[in-house]
Amino acid sequence: MLDFKKLPLDAQLTALLDGEATPEQKHELEQRLATDDGARRIYDKLRHGTDFGKRRLDDILKEPVPLALVRAIKSVQPPKAPVAPRLSRQSLKLTPSGPQAFAAAVFLFIAGCGIGYLVSESHNATLATQAADAASAANANDWLGDILSIQRLLARQPRHIVEVPASQAEEISTWLTTSVGVAFRVPDLVSDGWTFQGARVVLANGRPVGQLIYTSADGDLATIAFRKDNQPEDTEDFKETIRDEIGLVTWHNAGTSYVLVGPSSEASLSQLAMEIATAI
């Protein structure tokens with residue numbers, strides 16, 4: 001066993017901080033600290049480092065464990081190989097020396113910091129993924145702002161609401177399918193009070209969008225707009241939003257986003273959107 005007095009001063013002071021010194025060793029070290037400025041500086045540094053390590057480890061242990069990490073731990077299967085019985089042995093009581101206790105404390109501190117770092121990195125990765133998903137969802141809805149602006153522009157120029165009139169049905173089908181990449185049928189909404197006038201292709205959020213334009217006997221304007229997308233299949237369907245005088249009903253099907261845009265005063269806008277979804 002190593003002679004305590006032959007240990008480096010920092011190891012002796014560490015043992016004092018950890019409560020591993022004997023009463024005689026503690027008394028001698030306290031006397032030296034009272035008279036030796038250098039020893040006192042080393043002791044203060046070690047004490048501050050120990051306090052910092054404890055606080056940091058407490059902070060790490062308080063951080064939430066990411067759900068993905070919990071699931072990964074729970075999914076680990078225990079070994080199936082039989083474990084050979086161990087022969088009983090007489091238990092030995094080992095008391096670590098001061099240096100051993102110091103080395104163990106350092107090891108545990110480093111291991112704790114490492115675990116905390118991994119947990120923190122995993123947590124940050126989860127947050128980054130959530131932020132990316134939120135940004136993707138926000139980008140998926142950016143096109144609606146452009147569609148809303150186009151609708152207001154068309155309402156101000158009723159004589160120029162379409163690029164290809166309804167009478168050219170074959171051209172509309174070929175043109176929109178080629179430009180937007182979505183196969184469709186023109187819904188017949190005459191029984192609902194809306195007459196098909198023609199079609200347009202516009203850019204919304206930098207991507208081509210097909211528009212089918214309808215008008216009512218009162219001169220109101222309704223538009224069915226659609227485009228290719230990459231939204232998940234569980235995207236909320238038939239969500240109605242009102243923007244001042246304009247109402248929007250959005251839904252998603254087979255990699256395509258749809259929106260029905262019409263007057264917000266139209267009470268049956270959501271019902272009309274459901275009818276369109278089965279016909280388009």
# chains A, B, ... in the order shown; residues from 1 in each chain; ligands from 1
>>> select_by_dssp(residues="segment 156-280 of chain A", states="strand (DSSP E)", output="PyMOL selection string")
chain A and resi 164-165+194-204+207-216+221-228+239-243+246-253+256-263
>>> write_last_selection(atoms="C-alpha atoms", output="PDB file, in the first residue's frame")
ATOM      1  CA  VAL A 164     -58.058  28.564 -71.575  1.00  0.00           C
ATOM      2  CA  PRO A 165     -61.902  28.657 -71.694  1.00  0.00           C
ATOM      3  CA  TRP A 194     -71.248  26.990 -59.878  1.00  0.00           C
ATOM      4  CA  THR A 195     -70.431  27.062 -63.604  1.00  0.00           C
ATOM      5  CA  PHE A 196     -67.017  26.009 -64.934  1.00  0.00           C
ATOM      6  CA  GLN A 197     -65.369  28.883 -66.869  1.00  0.00           C
ATOM      7  CA  GLY A 198     -61.908  27.525 -67.722  1.00  0.00           C
ATOM      8  CA  ALA A 199     -58.415  26.956 -66.368  1.00  0.00           C
ATOM      9  CA  ARG A 200     -55.110  28.582 -65.572  1.00  0.00           C
ATOM     10  CA  VAL A 201     -51.581  27.511 -64.611  1.00  0.00           C
ATOM     11  CA  VAL A 202     -49.807  29.696 -62.045  1.00  0.00           C
ATOM     12  CA  LEU A 203     -46.708  29.551 -59.857  1.00  0.00           C
ATOM     13  CA  ALA A 204     -47.226  29.324 -56.089  1.00  0.00           C
ATOM     14  CA  ARG A 207     -44.027  25.419 -58.125  1.00  0.00           C
ATOM     15  CA  PRO A 208     -46.657  25.026 -60.881  1.00  0.00           C
ATOM     16  CA  VAL A 209     -50.272  24.920 -59.744  1.00  0.00           C
ATOM     17  CA  GLY A 210     -53.335  24.068 -61.828  1.00  0.00           C
ATOM     18  CA  GLN A 211     -56.486  26.152 -61.326  1.00  0.00           C
ATOM     19  CA  LEU A 212     -60.046  25.351 -62.351  1.00  0.00           C
ATOM     20  CA  ILE A 213     -62.195  28.511 -62.258  1.00  0.00           C
ATOM     21  CA  TYR A 214     -65.932  28.620 -61.495  1.00  0.00           C
ATOM     22  CA  THR A 215     -68.440  31.458 -61.153  1.00  0.00           C
ATOM     23  CA  SER A 216     -71.893  31.698 -59.604  1.00  0.00           C
ATOM     24  CA  LEU A 221     -65.603  33.376 -57.924  1.00  0.00           C
ATOM     25  CA  ALA A 222     -64.480  29.896 -56.803  1.00  0.00           C
ATOM     26  CA  THR A 223     -61.211  28.190 -57.669  1.00  0.00           C
ATOM     27  CA  ILE A 224     -59.995  24.612 -57.320  1.00  0.00           C
ATOM     28  CA  ALA A 225     -56.168  24.670 -57.130  1.00  0.00           C
ATOM     29  CA  PHE A 226     -53.911  21.610 -56.999  1.00  0.00           C
ATOM     30  CA  ARG A 227     -50.224  20.719 -57.133  1.00  0.00           C
ATOM     31  CA  LYS A 228     -47.812  17.839 -56.457  1.00  0.00           C
ATOM     32  CA  LYS A 239     -59.312  22.077 -42.974  1.00  0.00           C
ATOM     33  CA  GLU A 240     -61.205  25.341 -43.463  1.00  0.00           C
ATOM     34  CA  THR A 241     -59.520  28.720 -43.044  1.00  0.00           C
ATOM     35  CA  ILE A 242     -61.068  32.171 -43.471  1.00  0.00           C
ATOM     36  CA  ARG A 243     -58.948  35.079 -44.664  1.00  0.00           C
ATOM     37  CA  ILE A 246     -62.121  34.582 -48.762  1.00  0.00           C
ATOM     38  CA  GLY A 247     -62.498  31.037 -47.423  1.00  0.00           C
ATOM     39  CA  LEU A 248     -60.078  28.169 -48.101  1.00  0.00           C
ATOM     40  CA  VAL A 249     -60.607  24.431 -47.635  1.00  0.00           C
ATOM     41  CA  THR A 250     -57.482  22.268 -47.982  1.00  0.00           C
ATOM     42  CA  TRP A 251     -57.055  18.507 -48.351  1.00  0.00           C
ATOM     43  CA  HIS A 252     -54.485  15.997 -49.585  1.00  0.00           C
ATOM     44  CA  ASN A 253     -54.670  12.807 -51.625  1.00  0.00           C
ATOM     45  CA  THR A 256     -51.336  15.971 -54.349  1.00  0.00           C
ATOM     46  CA  SER A 257     -52.430  19.024 -52.362  1.00  0.00           C
ATOM     47  CA  TYR A 258     -55.805  20.594 -53.132  1.00  0.00           C
ATOM     48  CA  VAL A 259     -57.480  23.779 -52.015  1.00  0.00           C
ATOM     49  CA  LEU A 260     -60.933  25.151 -52.751  1.00  0.00           C
ATOM     50  CA  VAL A 261     -60.964  28.946 -52.629  1.00  0.00           C
ATOM     51  CA  GLY A 262     -64.278  30.805 -52.528  1.00  0.00           C
ATOM     52  CA  PRO A 263     -66.218  33.530 -50.752  1.00  0.00           C
TER      53      PRO A 263
END
>>> atom_distance(atom1="atom CA of His160 of chain A", atom2="atom CA of Gly145 of chain A")
20.9 Å
>>> atom_distance(atom1="atom CA of Arg32 of chain A", atom2="atom CA of His48 of chain A")
19.1 Å
